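Asks: Structure supplied as run_9.txt; contents: compact mmCIF, C-alpha atoms and all ligand atoms.
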# COMPACT_ATOMS: atom_id res chain seq x y z
CA MET B 1 58.23 -22.91 18.80
CA GLU B 2 58.19 -19.46 17.16
CA LYS B 3 61.07 -20.60 14.95
CA ASN B 4 59.07 -23.22 13.15
CA ILE B 5 55.77 -21.47 12.56
CA ASN B 6 54.58 -21.02 9.03
CA PRO B 7 55.66 -17.45 8.16
CA PHE B 8 52.36 -16.66 6.42
CA PRO B 9 49.58 -16.33 8.99
CA THR B 10 46.01 -16.38 7.67
CA ILE B 11 44.22 -15.63 10.89
CA GLY B 12 45.09 -13.08 13.53
CA TYR B 13 48.46 -11.45 13.89
CA GLU B 14 51.85 -12.86 14.90
CA THR B 15 54.52 -10.16 15.16
CA LYS B 16 55.91 -7.55 12.83
CA LYS B 17 58.39 -10.09 11.51
CA TYR B 18 55.50 -11.73 9.66
CA PHE B 19 53.82 -8.51 8.66
CA CYS B 20 54.44 -7.02 5.25
CA ASN B 21 54.90 -3.32 4.60
CA ARG B 22 52.13 -0.85 5.63
CA GLU B 23 54.81 1.57 6.81
CA ASN B 24 52.87 4.64 5.69
CA GLU B 25 49.65 3.49 7.29
CA VAL B 26 51.37 2.61 10.56
CA ALA B 27 53.09 6.02 10.57
CA THR B 28 49.83 7.87 9.89
CA LEU B 29 47.92 6.00 12.56
CA ARG B 30 50.73 6.45 15.01
CA ARG B 31 50.95 10.17 14.36
CA ASN B 32 47.20 10.49 14.75
CA MET B 33 47.17 8.61 18.05
CA GLU B 34 50.08 10.64 19.39
CA ASN B 35 48.32 13.85 18.43
CA GLY B 36 44.86 13.04 19.65
CA ILE B 37 43.27 12.55 16.24
CA ASN B 38 40.60 9.86 16.29
CA THR B 39 40.77 7.83 13.10
CA THR B 40 38.43 5.80 10.95
CA LEU B 41 39.93 2.85 9.09
CA ILE B 42 37.89 1.59 6.15
CA SER B 43 38.49 -1.09 3.54
CA THR B 44 37.10 -4.27 2.05
CA ARG B 45 37.26 -7.35 4.23
CA ARG B 46 40.42 -9.37 4.65
CA ILE B 47 42.77 -6.73 3.35
CA GLY B 48 44.44 -6.34 6.75
CA LYS B 49 42.69 -3.77 8.97
CA SER B 50 42.67 -5.84 12.15
CA ALA B 51 46.25 -7.00 11.61
CA LEU B 52 47.27 -3.38 11.00
CA ILE B 53 45.75 -2.36 14.34
CA TYR B 54 47.73 -5.08 16.12
CA ARG B 55 50.84 -4.01 14.25
CA LEU B 56 50.28 -0.41 15.39
CA PHE B 57 49.70 -1.54 18.97
CA GLU B 58 53.07 -3.29 18.93
CA ASP B 59 54.74 0.10 18.34
CA LEU B 60 52.50 2.12 20.61
CA GLU B 61 52.89 -0.18 23.58
CA VAL B 62 56.64 0.30 23.47
CA ASN B 63 55.82 3.96 23.91
CA ARG B 64 53.69 3.31 26.97
CA PHE B 65 50.27 3.70 25.43
CA ALA B 66 47.70 1.33 26.87
CA CYS B 67 46.06 -0.24 23.83
CA VAL B 68 42.71 -1.99 23.98
CA TYR B 69 41.20 -3.85 21.04
CA VAL B 70 37.50 -4.73 20.88
CA ASP B 71 36.02 -6.64 17.96
CA ILE B 72 32.31 -5.94 17.91
CA TYR B 73 31.47 -7.96 14.81
CA ALA B 74 29.42 -10.44 16.83
CA CYS B 75 27.73 -7.79 18.99
CA THR B 76 24.07 -7.27 18.20
CA CYS B 77 23.02 -4.89 20.99
CA LEU B 78 24.22 -2.49 23.64
CA LYS B 79 24.47 -5.30 26.21
CA ASP B 80 26.84 -7.29 23.96
CA PHE B 81 28.93 -4.22 23.29
CA THR B 82 29.21 -3.27 26.96
CA GLU B 83 30.22 -6.82 27.87
CA ALA B 84 32.75 -6.98 25.04
CA LEU B 85 34.35 -3.75 26.18
CA ALA B 86 34.48 -4.87 29.81
CA LEU B 87 36.04 -8.18 28.75
CA ALA B 88 38.63 -6.46 26.55
CA ILE B 89 39.75 -4.26 29.44
CA PHE B 90 39.67 -7.19 31.86
CA THR B 91 41.89 -9.37 29.68
CA LYS B 92 44.19 -6.48 28.79
CA PHE B 93 45.18 -5.59 32.34
CA PRO B 94 46.05 -8.59 34.47
CA GLU B 95 45.04 -8.27 38.09
CA LYS B 96 48.66 -8.05 39.15
CA ARG B 97 49.14 -4.69 37.44
CA THR B 98 47.98 -1.53 39.18
CA ILE B 99 45.36 -0.77 36.55
CA GLY B 100 44.21 -4.37 36.61
CA LYS B 101 43.71 -4.31 40.34
CA ARG B 102 41.82 -1.05 40.18
CA PHE B 103 39.72 -2.32 37.29
CA PHE B 104 38.82 -5.48 39.14
CA ASP B 105 37.57 -3.46 42.11
CA PHE B 106 35.67 -1.14 39.80
CA LEU B 107 34.19 -4.09 37.90
CA LYS B 108 32.99 -5.75 41.09
CA GLY B 109 30.92 -2.64 41.76
CA LEU B 110 29.04 -3.34 38.52
CA HIS B 111 28.08 -6.83 39.77
CA PRO B 112 29.15 -8.80 36.72
CA VAL B 113 28.92 -12.54 36.29
CA ILE B 114 32.44 -13.68 35.50
CA SER B 115 32.89 -17.22 34.25
CA TYR B 116 35.57 -19.21 32.51
CA ASP B 117 35.00 -21.28 29.39
CA ALA B 118 35.33 -24.94 30.31
CA LEU B 119 37.24 -25.80 27.14
CA ASN B 120 39.71 -22.99 26.60
CA GLY B 121 39.73 -21.30 30.01
CA GLN B 122 38.89 -17.91 28.48
CA PRO B 123 37.05 -15.53 30.80
CA GLU B 124 33.55 -14.30 30.02
CA ILE B 125 31.79 -11.31 31.51
CA ARG B 126 28.03 -10.86 31.69
CA PHE B 127 25.90 -8.10 33.13
CA GLU B 128 22.35 -8.91 34.10
CA PHE B 129 20.75 -5.48 34.14
CA SER B 130 17.06 -5.10 33.57
CA GLN B 131 17.17 -1.67 31.98
CA THR B 132 18.90 -0.15 28.98
CA LYS B 133 19.82 2.85 31.14
CA GLU B 134 22.06 0.66 33.27
CA TYR B 135 23.99 -0.53 30.21
CA GLU B 136 24.36 3.04 29.04
CA HIS B 137 25.67 3.99 32.44
CA THR B 138 28.07 1.03 32.50
CA LEU B 139 29.40 1.74 29.02
CA ARG B 140 30.05 5.33 29.99
CA SER B 141 31.75 4.42 33.24
CA LEU B 142 34.00 1.83 31.57
CA LEU B 143 35.30 4.50 29.19
CA VAL B 144 35.66 7.07 31.95
CA PHE B 145 37.49 4.50 34.09
CA LEU B 146 40.04 3.84 31.33
CA ASP B 147 40.47 7.51 30.70
CA SER B 148 41.35 8.29 34.28
CA GLN B 149 44.27 5.89 34.71
CA GLN B 150 47.19 8.30 34.21
CA VAL B 151 48.10 6.59 30.99
CA GLU B 152 47.36 7.43 27.38
CA VAL B 153 44.80 5.04 26.00
CA VAL B 154 44.19 3.86 22.45
CA LEU B 155 40.92 2.06 22.02
CA ALA B 156 40.26 0.27 18.73
CA LEU B 157 36.66 -0.61 18.00
CA ASP B 158 36.83 -3.07 15.12
CA GLU B 159 33.83 -3.69 12.81
CA PHE B 160 32.36 -0.56 14.30
CA GLN B 161 29.55 -0.33 11.72
CA GLN B 162 27.74 -3.01 13.73
CA ILE B 163 26.54 -0.41 16.22
CA ALA B 164 24.33 1.09 13.51
CA ASP B 165 22.32 -2.15 13.62
CA PHE B 166 21.78 -2.22 17.38
CA PRO B 167 18.11 -2.05 18.35
CA GLU B 168 18.99 0.77 20.79
CA LYS B 169 19.12 3.70 18.43
CA ASN B 170 21.08 6.11 20.61
CA VAL B 171 24.34 4.18 21.06
CA GLU B 172 26.12 6.27 18.44
CA ALA B 173 25.08 9.52 20.12
CA LEU B 174 25.88 8.18 23.58
CA LEU B 175 29.37 7.10 22.54
CA ARG B 176 30.07 10.35 20.78
CA THR B 177 29.01 12.35 23.82
CA VAL B 178 31.18 10.33 26.19
CA ILE B 179 34.16 10.40 23.86
CA GLN B 180 34.04 14.18 23.73
CA THR B 181 34.55 14.37 27.47
CA LEU B 182 37.58 12.04 27.58
CA LYS B 183 41.05 13.52 27.98
CA ASN B 184 43.53 10.67 27.56
CA SER B 185 41.79 8.36 25.11
CA ARG B 186 42.17 8.09 21.34
CA PHE B 187 39.95 5.97 19.16
CA ILE B 188 40.29 3.91 16.03
CA PHE B 189 36.98 3.00 14.42
CA SER B 190 37.55 0.28 11.91
CA GLY B 191 35.03 -1.26 9.53
CA SER B 192 34.57 -3.36 6.41
CA LYS B 193 31.15 -2.16 5.38
CA LYS B 194 32.31 0.89 3.51
CA HIS B 195 28.90 2.25 2.80
CA LEU B 196 27.71 2.03 6.42
CA MET B 197 30.97 3.46 7.75
CA LEU B 198 30.89 6.41 5.37
CA GLU B 199 27.29 7.07 6.29
CA MET B 200 28.16 7.16 9.99
CA PHE B 201 31.16 9.43 9.64
CA ASN B 202 30.32 11.57 6.61
CA THR B 203 26.62 12.34 6.99
CA ALA B 204 25.83 15.68 8.55
CA ASN B 205 23.07 14.54 10.89
CA ARG B 206 24.97 11.60 12.40
CA PRO B 207 26.70 12.00 15.78
CA PHE B 208 30.17 11.07 14.50
CA PHE B 209 30.01 13.42 11.53
CA SER B 210 33.41 14.93 10.76
CA SER B 211 34.84 13.81 14.08
CA THR B 212 37.62 11.63 12.71
CA GLN B 213 40.24 11.42 10.01
CA THR B 214 39.59 8.62 7.52
CA VAL B 215 42.35 6.28 6.43
CA GLY B 216 41.63 3.85 3.60
CA LEU B 217 43.51 0.60 3.23
CA SER B 218 44.14 -0.96 -0.15
CA GLU B 219 46.28 -3.79 -1.46
CA ILE B 220 49.93 -4.01 -0.43
CA PRO B 221 52.01 -2.82 -3.44
CA THR B 222 53.06 -5.87 -5.45
CA ASP B 223 56.78 -5.08 -5.43
CA LYS B 224 56.75 -4.83 -1.63
CA TYR B 225 54.75 -8.03 -1.30
CA ALA B 226 57.02 -9.89 -3.73
CA THR B 227 60.14 -8.90 -1.77
CA PHE B 228 58.47 -9.97 1.46
CA ILE B 229 57.53 -13.40 0.09
CA HIS B 230 61.06 -14.01 -1.21
CA GLU B 231 62.48 -12.96 2.16
CA LYS B 232 60.25 -15.27 4.18
CA PHE B 233 61.30 -18.25 2.05
CA ALA B 234 64.96 -17.21 2.17
CA GLU B 235 64.91 -16.94 5.96
CA ARG B 236 64.26 -20.68 6.03
CA ASN B 237 66.87 -21.43 3.42
CA ARG B 238 64.35 -21.95 0.67
CA THR B 239 63.71 -20.21 -2.61
CA ILE B 240 60.69 -19.40 -4.66
CA ASP B 241 61.03 -18.44 -8.33
CA ASP B 242 60.22 -14.90 -9.44
CA ASP B 243 57.53 -16.04 -11.86
CA ALA B 244 55.93 -18.16 -9.13
CA VAL B 245 55.64 -15.10 -6.87
CA ASP B 246 54.29 -12.99 -9.75
CA PHE B 247 51.71 -15.67 -10.45
CA ILE B 248 50.54 -15.77 -6.83
CA LEU B 249 50.19 -11.99 -6.65
CA SER B 250 48.26 -11.67 -9.88
CA TRP B 251 46.06 -14.72 -9.25
CA THR B 252 45.11 -13.44 -5.78
CA LEU B 253 44.89 -9.80 -6.95
CA SER B 254 47.41 -9.12 -4.14
CA HIS B 255 44.44 -9.20 -1.77
CA THR B 256 46.17 -9.92 1.54
CA PHE B 257 44.16 -12.83 2.89
CA TYR B 258 44.14 -14.71 -0.44
CA THR B 259 47.84 -14.07 -1.04
CA GLN B 260 48.64 -15.22 2.49
CA THR B 261 46.54 -18.37 2.04
CA ILE B 262 48.34 -19.44 -1.12
CA CYS B 263 51.75 -18.55 0.33
CA ARG B 264 50.94 -20.46 3.50
CA ARG B 265 49.97 -23.59 1.58
CA THR B 266 52.95 -23.26 -0.74
CA PHE B 267 55.33 -22.93 2.19
CA ALA B 268 53.69 -25.89 3.91
CA GLU B 269 54.74 -28.14 1.01
CA GLY B 270 58.22 -27.96 2.48
CA LYS B 271 60.04 -27.80 -0.87
CA ARG B 272 63.55 -26.34 -0.99
CA ARG B 273 62.72 -24.63 -4.25
CA VAL B 274 59.27 -23.60 -5.35
CA ASP B 275 58.48 -23.14 -9.02
CA ILE B 276 55.41 -21.83 -10.83
CA GLN B 277 54.11 -25.35 -11.52
CA LEU B 278 53.82 -26.10 -7.84
CA VAL B 279 52.09 -22.79 -7.18
CA LYS B 280 49.54 -23.37 -9.95
CA HIS B 281 48.84 -26.79 -8.55
CA ILE B 282 48.23 -25.34 -5.10
CA CYS B 283 45.87 -22.68 -6.44
CA ASP B 284 43.93 -25.41 -8.19
CA GLU B 285 43.75 -27.48 -5.02
CA GLN B 286 42.54 -24.47 -3.06
CA LEU B 287 39.58 -24.14 -5.41
CA ASN B 288 38.81 -27.87 -5.20
CA LEU B 289 38.76 -27.59 -1.44
CA GLN B 290 36.05 -24.95 -1.54
CA GLN B 291 34.08 -26.34 -4.46
CA THR B 292 31.20 -27.76 -2.40
CA THR B 293 30.64 -24.43 -0.66
CA PHE B 294 30.84 -22.46 -3.90
CA MET B 295 28.38 -24.79 -5.62
CA GLN B 296 25.81 -24.01 -2.94
CA TYR B 297 25.89 -20.31 -3.70
CA ARG B 298 23.96 -21.11 -6.82
CA ASN B 299 20.98 -22.21 -4.71
CA LEU B 300 21.18 -19.09 -2.59
CA LEU B 301 21.02 -16.67 -5.51
CA SER B 302 18.32 -15.94 -8.08
CA PRO B 303 19.09 -16.98 -11.68
CA VAL B 304 19.77 -13.36 -12.67
CA GLN B 305 22.03 -12.80 -9.67
CA TRP B 306 23.97 -15.98 -10.47
CA GLN B 307 24.32 -15.07 -14.13
CA LEU B 308 25.50 -11.59 -13.22
CA LEU B 309 27.98 -12.88 -10.66
CA LEU B 310 29.40 -15.24 -13.28
CA ALA B 311 29.70 -12.38 -15.74
CA VAL B 312 31.51 -10.19 -13.23
CA ALA B 313 33.84 -13.10 -12.37
CA LYS B 314 34.71 -13.66 -16.02
CA GLU B 315 35.29 -9.98 -16.71
CA GLY B 316 37.39 -9.54 -13.57
CA LEU B 317 36.47 -5.90 -13.22
CA VAL B 318 33.27 -4.38 -14.58
CA THR B 319 32.78 -0.64 -14.92
CA GLU B 320 29.57 -0.57 -16.96
CA PRO B 321 27.32 -3.31 -15.64
CA GLN B 322 24.26 -1.69 -17.25
CA SER B 323 25.69 -1.44 -20.75
CA GLN B 324 23.91 -3.31 -23.54
CA ALA B 325 27.15 -4.90 -24.69
CA PHE B 326 27.80 -6.42 -21.27
CA LEU B 327 24.19 -7.53 -20.72
CA ARG B 328 24.00 -9.13 -24.15
CA LYS B 329 27.39 -10.82 -23.96
CA TYR B 330 26.40 -12.67 -20.79
CA LYS B 331 22.67 -13.05 -21.56
CA ILE B 332 21.67 -11.24 -18.39
CA GLY B 333 18.42 -9.71 -19.60
CA ALA B 334 16.94 -6.29 -18.96
CA ALA B 335 19.04 -3.49 -17.51
CA SER B 336 16.47 -2.87 -14.76
CA SER B 337 16.61 -6.40 -13.39
CA ALA B 338 20.40 -6.44 -13.73
CA LYS B 339 20.54 -3.27 -11.66
CA LYS B 340 18.46 -4.84 -8.89
CA ALA B 341 20.52 -8.03 -9.00
CA LEU B 342 23.75 -6.06 -8.74
CA GLN B 343 22.51 -4.22 -5.66
CA ALA B 344 21.47 -7.54 -4.10
CA LEU B 345 24.93 -9.00 -4.76
CA ILE B 346 26.55 -5.96 -3.15
CA ASP B 347 24.26 -6.23 -0.11
CA LYS B 348 25.12 -9.92 0.23
CA GLU B 349 28.82 -9.02 -0.02
CA MET B 350 29.21 -11.24 -3.07
CA VAL B 351 30.33 -8.28 -5.18
CA CYS B 352 32.41 -5.35 -3.96
CA THR B 353 32.79 -1.87 -5.36
CA ILE B 354 36.08 -0.24 -6.14
CA GLU B 355 36.17 3.52 -6.44
CA MET B 356 38.20 4.66 -9.44
CA PRO B 357 39.03 8.31 -10.25
CA ASN B 358 35.74 9.01 -12.03
CA LYS B 359 33.78 5.80 -11.94
CA THR B 360 32.90 2.79 -9.84
CA ALA B 361 34.12 -0.68 -10.73
CA TYR B 362 32.70 -3.98 -9.54
CA ARG B 363 34.34 -7.30 -8.88
CA VAL B 364 33.55 -10.58 -7.11
CA TYR B 365 34.31 -10.00 -3.43
CA ASN B 366 35.81 -13.41 -2.70
CA VAL B 367 38.84 -13.83 -4.95
CA PHE B 368 38.80 -17.64 -4.71
CA LEU B 369 35.15 -17.69 -5.74
CA MET B 370 36.02 -15.47 -8.69
CA ARG B 371 38.81 -17.83 -9.81
CA TRP B 372 36.60 -20.85 -9.32
CA MET B 373 33.83 -19.35 -11.46
CA GLU B 374 36.34 -18.50 -14.18
CA ARG B 375 37.62 -22.06 -14.15
CA MET B 376 34.27 -23.81 -13.87
CA PHE B 377 32.01 -22.01 -16.33
N1 LIG B 401 50.57 -6.59 6.09
C1 LIG B 401 50.34 -7.89 6.25
N2 LIG B 401 51.32 -8.80 6.07
C2 LIG B 401 51.08 -10.12 6.22
N3 LIG B 401 49.87 -10.64 6.52
C3 LIG B 401 48.86 -9.78 6.71
C4 LIG B 401 49.03 -8.38 6.58
N4 LIG B 401 47.83 -7.79 6.80
C5 LIG B 401 46.98 -8.79 7.07
N5 LIG B 401 47.57 -9.98 7.01
C6 LIG B 401 46.93 -11.29 7.21
O1 LIG B 401 45.81 -11.36 6.33
C7 LIG B 401 44.69 -11.88 7.02
C8 LIG B 401 43.51 -10.95 6.86
O2 LIG B 401 43.77 -9.75 7.53
P1 LIG B 401 42.76 -9.05 8.56
O3 LIG B 401 43.56 -8.08 9.35
O4 LIG B 401 41.99 -10.06 9.31
O5 LIG B 401 41.81 -8.28 7.53
P2 LIG B 401 40.56 -7.36 7.81
O6 LIG B 401 40.57 -6.98 9.24
O7 LIG B 401 40.75 -6.18 6.89
O8 LIG B 401 39.35 -8.16 7.43
C9 LIG B 401 45.11 -12.07 8.47
O9 LIG B 401 45.35 -13.42 8.71
C10 LIG B 401 46.41 -11.35 8.63
O10 LIG B 401 47.31 -12.08 9.43
MG MG B 402 39.14 -7.47 10.70
Starting from the file, give its structure as structure tokens.
Replies:
Amino acid sequence: MEKNINPFPTIGYETKKYFCNRENEVATLRRNMENGINTTLISTRRIGKSALIYRLFEDLEVNRFACVYVDIYACTCLKDFTEALALAIFTKFPEKRTIGKRFFDFLKGLHPVISYDALNGQPEIRFEFSQTKEYEHTLRSLLVFLDSQQVEVVLALDEFQQIADFPEKNVEALLRTVIQTLKNSRFIFSGSKKHLMLEMFNTANRPFFSSTQTVGLSEIPTDKYATFIHEKFAERNRTIDDDAVDFILSWTLSHTFYTQTICRRTFAEGKRRVDIQLVKHICDEQLNLQQTTFMQYRNLLSPVQWQLLLAVAKEGLVTEPQSQAFLRKYKIGAASSAKKALQALIDKEMVCTIEMPNKTAYRVYNVFLMRWMERMF
């Protein structure tokens, strides 16, 4: 089964065989975890944070760390978060293992409702407490339970910025206080909303201020990615031309998810030898596939926002979005309304910011949308 999978996953994580590079980041994270340094991992979406955490776990588990991963993207309140954490621990330690058995007994004391999804058999855990206090208590005791299991624990809280939006305003402080008392647990706080993450960890009056080391994640270097792509084709006795690989990497800006998507589709064609013509055709098809969705964005944006997004797409990278030359070239109108529109596009995650040595640059967040706009207008 494993032998025939497409070597370019676009969701989740397979094994390190299908994971490209990131040696420095894995080494840094590993060193931090081994030395008790809690770490914040920040980058734009789909560049590979979650996959990197899984990749790290693969190494750490060999070294007898107990690694627990919780994605809190869909959590909107303390209840959701507490349940997600309980479920992550529950699925991590099967009942047959010592920790699993102990956890099951401990969990029973919290009177959860455990059910199994009728379709996929996945467990679900719910707590039916009437008071916030009880959730706070449960969250604390779940962390304390993990910490007291005679094993070093690494807990990754992915899309951590979500907790800033919880209606309960003290979750950050509560977590920070509990974490300070733990002896055997290390944390990775990972997040895509750069601005929210930086606010949580770099603002003096926030509970997590200065409590972690920050690791940023950017694109995989193109030479490393190119070698990886050639290797994955070669392992299945296929080849892909150099210029085809170069085209993929530049067309997708080497942004992991987009590169993986095009590679996956290219590989799926099943050709013994892939040339640049085939790759260009696949890129084109990818845009056609998403055309209906992209068209609808126009209805969701104001005319100025749409015009500005188009302009950013056509420029590729914009460093002076308020300049007269830029505004005139794309008939965007007054600098003040352009400024507001830009902020709205950033808030909607349609445009992302890229920090350069002494300025900020802007580009369309979704690379396929950017290419589609370039092609269409
Ligand atoms: N280093 C890598 N090599 C190969 N594929 C990767 C790598 N990093 C991420 N991916 C793939 O890219 C996709 C997006 O990565 P993901 O970890 O979900 O990004 P993020 O968490 O930053 O939003 C996933 O399907 C993942 O399998
Ligand atoms: Mg992720």
Asks: Enumerate residues in contact with ligand LIG 401 (chain B): an atom-to-atom distance of at most 6 Å, counting all atoms listed in the file. Format the result as a VMD selection string.
Replies: chain B and resid 9 to 13 18 to 22 45 to 51 256 to 257
Asks: Save out the residues we just selected, C-alpha atoms, as a compact mmCIF listing (two decimals), in the coordinates of the input.
Replies:
# COMPACT_ATOMS: atom_id res chain seq x y z
CA PRO B 9 49.58 -16.33 8.99
CA THR B 10 46.01 -16.38 7.67
CA ILE B 11 44.22 -15.63 10.89
CA GLY B 12 45.09 -13.08 13.53
CA TYR B 13 48.46 -11.45 13.89
CA TYR B 18 55.50 -11.73 9.66
CA PHE B 19 53.82 -8.51 8.66
CA CYS B 20 54.44 -7.02 5.25
CA ASN B 21 54.90 -3.32 4.60
CA ARG B 22 52.13 -0.85 5.63
CA ARG B 45 37.26 -7.35 4.23
CA ARG B 46 40.42 -9.37 4.65
CA ILE B 47 42.77 -6.73 3.35
CA GLY B 48 44.44 -6.34 6.75
CA LYS B 49 42.69 -3.77 8.97
CA SER B 50 42.67 -5.84 12.15
CA ALA B 51 46.25 -7.00 11.61
CA THR B 256 46.17 -9.92 1.54
CA PHE B 257 44.16 -12.83 2.89
Asks: Using atom CA of B:Phe209 and atom CA of B:Glu58 as the two end points, give the distance in Å to one decimal.
Replies: 29.4 Å
Asks: Nearest to B:Glu34 among B:Glu14, B:Thr292, B:Val153, B:Thr214, with distances taken over all atoms listed in the file: which residue is it?
Replies: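 Checking each of B:Glu14, B:Thr292, B:Val153, B:Thr214 against B:Glu34, counting all atoms listed in the file, the winner is B:Val153.
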Asks: List as a compact mmCIF listing (two decimals) with C-alpha atoms, in the coordinates of the input: which residues have an atom within 6 Å of (27.3, -7.8, 33.3), counting all atoms listed in the file?
Replies:
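out_18.txt was written with the following content:
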# COMPACT_ATOMS: atom_id res chain seq x y z
CA PRO B 112 29.15 -8.80 36.72
CA VAL B 113 28.92 -12.54 36.29
CA ILE B 125 31.79 -11.31 31.51
CA ARG B 126 28.03 -10.86 31.69
CA PHE B 127 25.90 -8.10 33.13
CA GLU B 128 22.35 -8.91 34.10
Asks: Take every atom of stretch 61-66 of chain B listed in the file, fit an axis-aligned box around them, add 5 Å per side, and give the centre and edge lengths in Å to one decimal as JSON.
Replies:
{"center_x": 52.2, "center_y": 1.9, "center_z": 25.2, "size_x": 18.9, "size_y": 14.1, "size_z": 13.5}
Asks: When you look at B:Gln291 with a cut-off of 12 Å (counting all atoms listed in the file), what residues show up, excluding the ones that are within fewer than 5 positions of it in the same chain? I need them as a PyMOL selection string.
Replies: chain B and resi 284-286+296-298+368-373+375-376
Asks: Create the file for the chosen residues now, containing C-alpha atoms and written as a PDB file, in the frame of the given file.
Replies:
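Saved result, part_10.pdb, follows:
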ATOM      1  CA  ASP B 284      43.930 -25.410  -8.190  1.00  0.00           C
ATOM      2  CA  GLU B 285      43.750 -27.480  -5.020  1.00  0.00           C
ATOM      3  CA  GLN B 286      42.540 -24.470  -3.060  1.00  0.00           C
ATOM      4  CA  GLN B 296      25.810 -24.010  -2.940  1.00  0.00           C
ATOM      5  CA  TYR B 297      25.890 -20.310  -3.700  1.00  0.00           C
ATOM      6  CA  ARG B 298      23.960 -21.110  -6.820  1.00  0.00           C
ATOM      7  CA  PHE B 368      38.800 -17.640  -4.710  1.00  0.00           C
ATOM      8  CA  LEU B 369      35.150 -17.690  -5.740  1.00  0.00           C
ATOM      9  CA  MET B 370      36.020 -15.470  -8.690  1.00  0.00           C
ATOM     10  CA  ARG B 371      38.810 -17.830  -9.810  1.00  0.00           C
ATOM     11  CA  TRP B 372      36.600 -20.850  -9.320  1.00  0.00           C
ATOM     12  CA  MET B 373      33.830 -19.350 -11.460  1.00  0.00           C
ATOM     13  CA  ARG B 375      37.620 -22.060 -14.150  1.00  0.00           C
ATOM     14  CA  MET B 376      34.270 -23.810 -13.870  1.00  0.00           C
TER      15      MET B 376
END
Asks: Please complete stretch 190-203 of chain B with N, CA and C atoms and give it back as a PDB file, in the frame of the given file.
Replies:
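See part.pdb below for the written result:
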ATOM      1  N   SER B 190      37.185   0.980  13.122  1.00  0.00           N
ATOM      2  CA  SER B 190      37.550   0.280  11.910  1.00  0.00           C
ATOM      3  C   SER B 190      36.337  -0.476  11.379  1.00  0.00           C
ATOM      4  N   GLY B 191      36.193  -0.556  10.062  1.00  0.00           N
ATOM      5  CA  GLY B 191      35.030  -1.260   9.530  1.00  0.00           C
ATOM      6  C   GLY B 191      35.186  -1.703   8.083  1.00  0.00           C
ATOM      7  N   SER B 192      34.497  -2.796   7.763  1.00  0.00           N
ATOM      8  CA  SER B 192      34.570  -3.360   6.410  1.00  0.00           C
ATOM      9  C   SER B 192      33.393  -2.929   5.547  1.00  0.00           C
ATOM     10  N   LYS B 193      32.299  -2.535   6.190  1.00  0.00           N
ATOM     11  CA  LYS B 193      31.150  -2.160   5.380  1.00  0.00           C
ATOM     12  C   LYS B 193      31.256  -0.674   5.055  1.00  0.00           C
ATOM     13  N   LYS B 194      31.929  -0.449   3.928  1.00  0.00           N
ATOM     14  CA  LYS B 194      32.310   0.890   3.510  1.00  0.00           C
ATOM     15  C   LYS B 194      31.148   1.869   3.559  1.00  0.00           C
ATOM     16  N   HIS B 195      30.047   1.398   2.962  1.00  0.00           N
ATOM     17  CA  HIS B 195      28.900   2.250   2.800  1.00  0.00           C
ATOM     18  C   HIS B 195      28.317   2.671   4.157  1.00  0.00           C
ATOM     19  N   LEU B 196      28.218   1.718   5.079  1.00  0.00           N
ATOM     20  CA  LEU B 196      27.710   2.030   6.420  1.00  0.00           C
ATOM     21  C   LEU B 196      28.669   2.937   7.186  1.00  0.00           C
ATOM     22  N   MET B 197      29.958   2.657   7.045  1.00  0.00           N
ATOM     23  CA  MET B 197      30.970   3.460   7.750  1.00  0.00           C
ATOM     24  C   MET B 197      30.937   4.900   7.249  1.00  0.00           C
ATOM     25  N   LEU B 198      30.892   5.056   5.924  1.00  0.00           N
ATOM     26  CA  LEU B 198      30.890   6.410   5.370  1.00  0.00           C
ATOM     27  C   LEU B 198      29.637   7.161   5.801  1.00  0.00           C
ATOM     28  N   GLU B 199      28.528   6.430   5.850  1.00  0.00           N
ATOM     29  CA  GLU B 199      27.290   7.070   6.290  1.00  0.00           C
ATOM     30  C   GLU B 199      27.417   7.580   7.730  1.00  0.00           C
ATOM     31  N   MET B 200      28.025   6.766   8.577  1.00  0.00           N
ATOM     32  CA  MET B 200      28.160   7.160   9.990  1.00  0.00           C
ATOM     33  C   MET B 200      29.079   8.363  10.173  1.00  0.00           C
ATOM     34  N   PHE B 201      30.147   8.409   9.387  1.00  0.00           N
ATOM     35  CA  PHE B 201      31.160   9.430   9.640  1.00  0.00           C
ATOM     36  C   PHE B 201      31.080  10.632   8.693  1.00  0.00           C
ATOM     37  N   ASN B 202      30.362  10.469   7.585  1.00  0.00           N
ATOM     38  CA  ASN B 202      30.320  11.570   6.610  1.00  0.00           C
ATOM     39  C   ASN B 202      28.943  12.165   6.381  1.00  0.00           C
ATOM     40  N   THR B 203      27.957  11.774   7.179  1.00  0.00           N
ATOM     41  CA  THR B 203      26.620  12.340   6.990  1.00  0.00           C
ATOM     42  C   THR B 203      26.374  13.374   8.084  1.00  0.00           C
TER      43      THR B 203
END
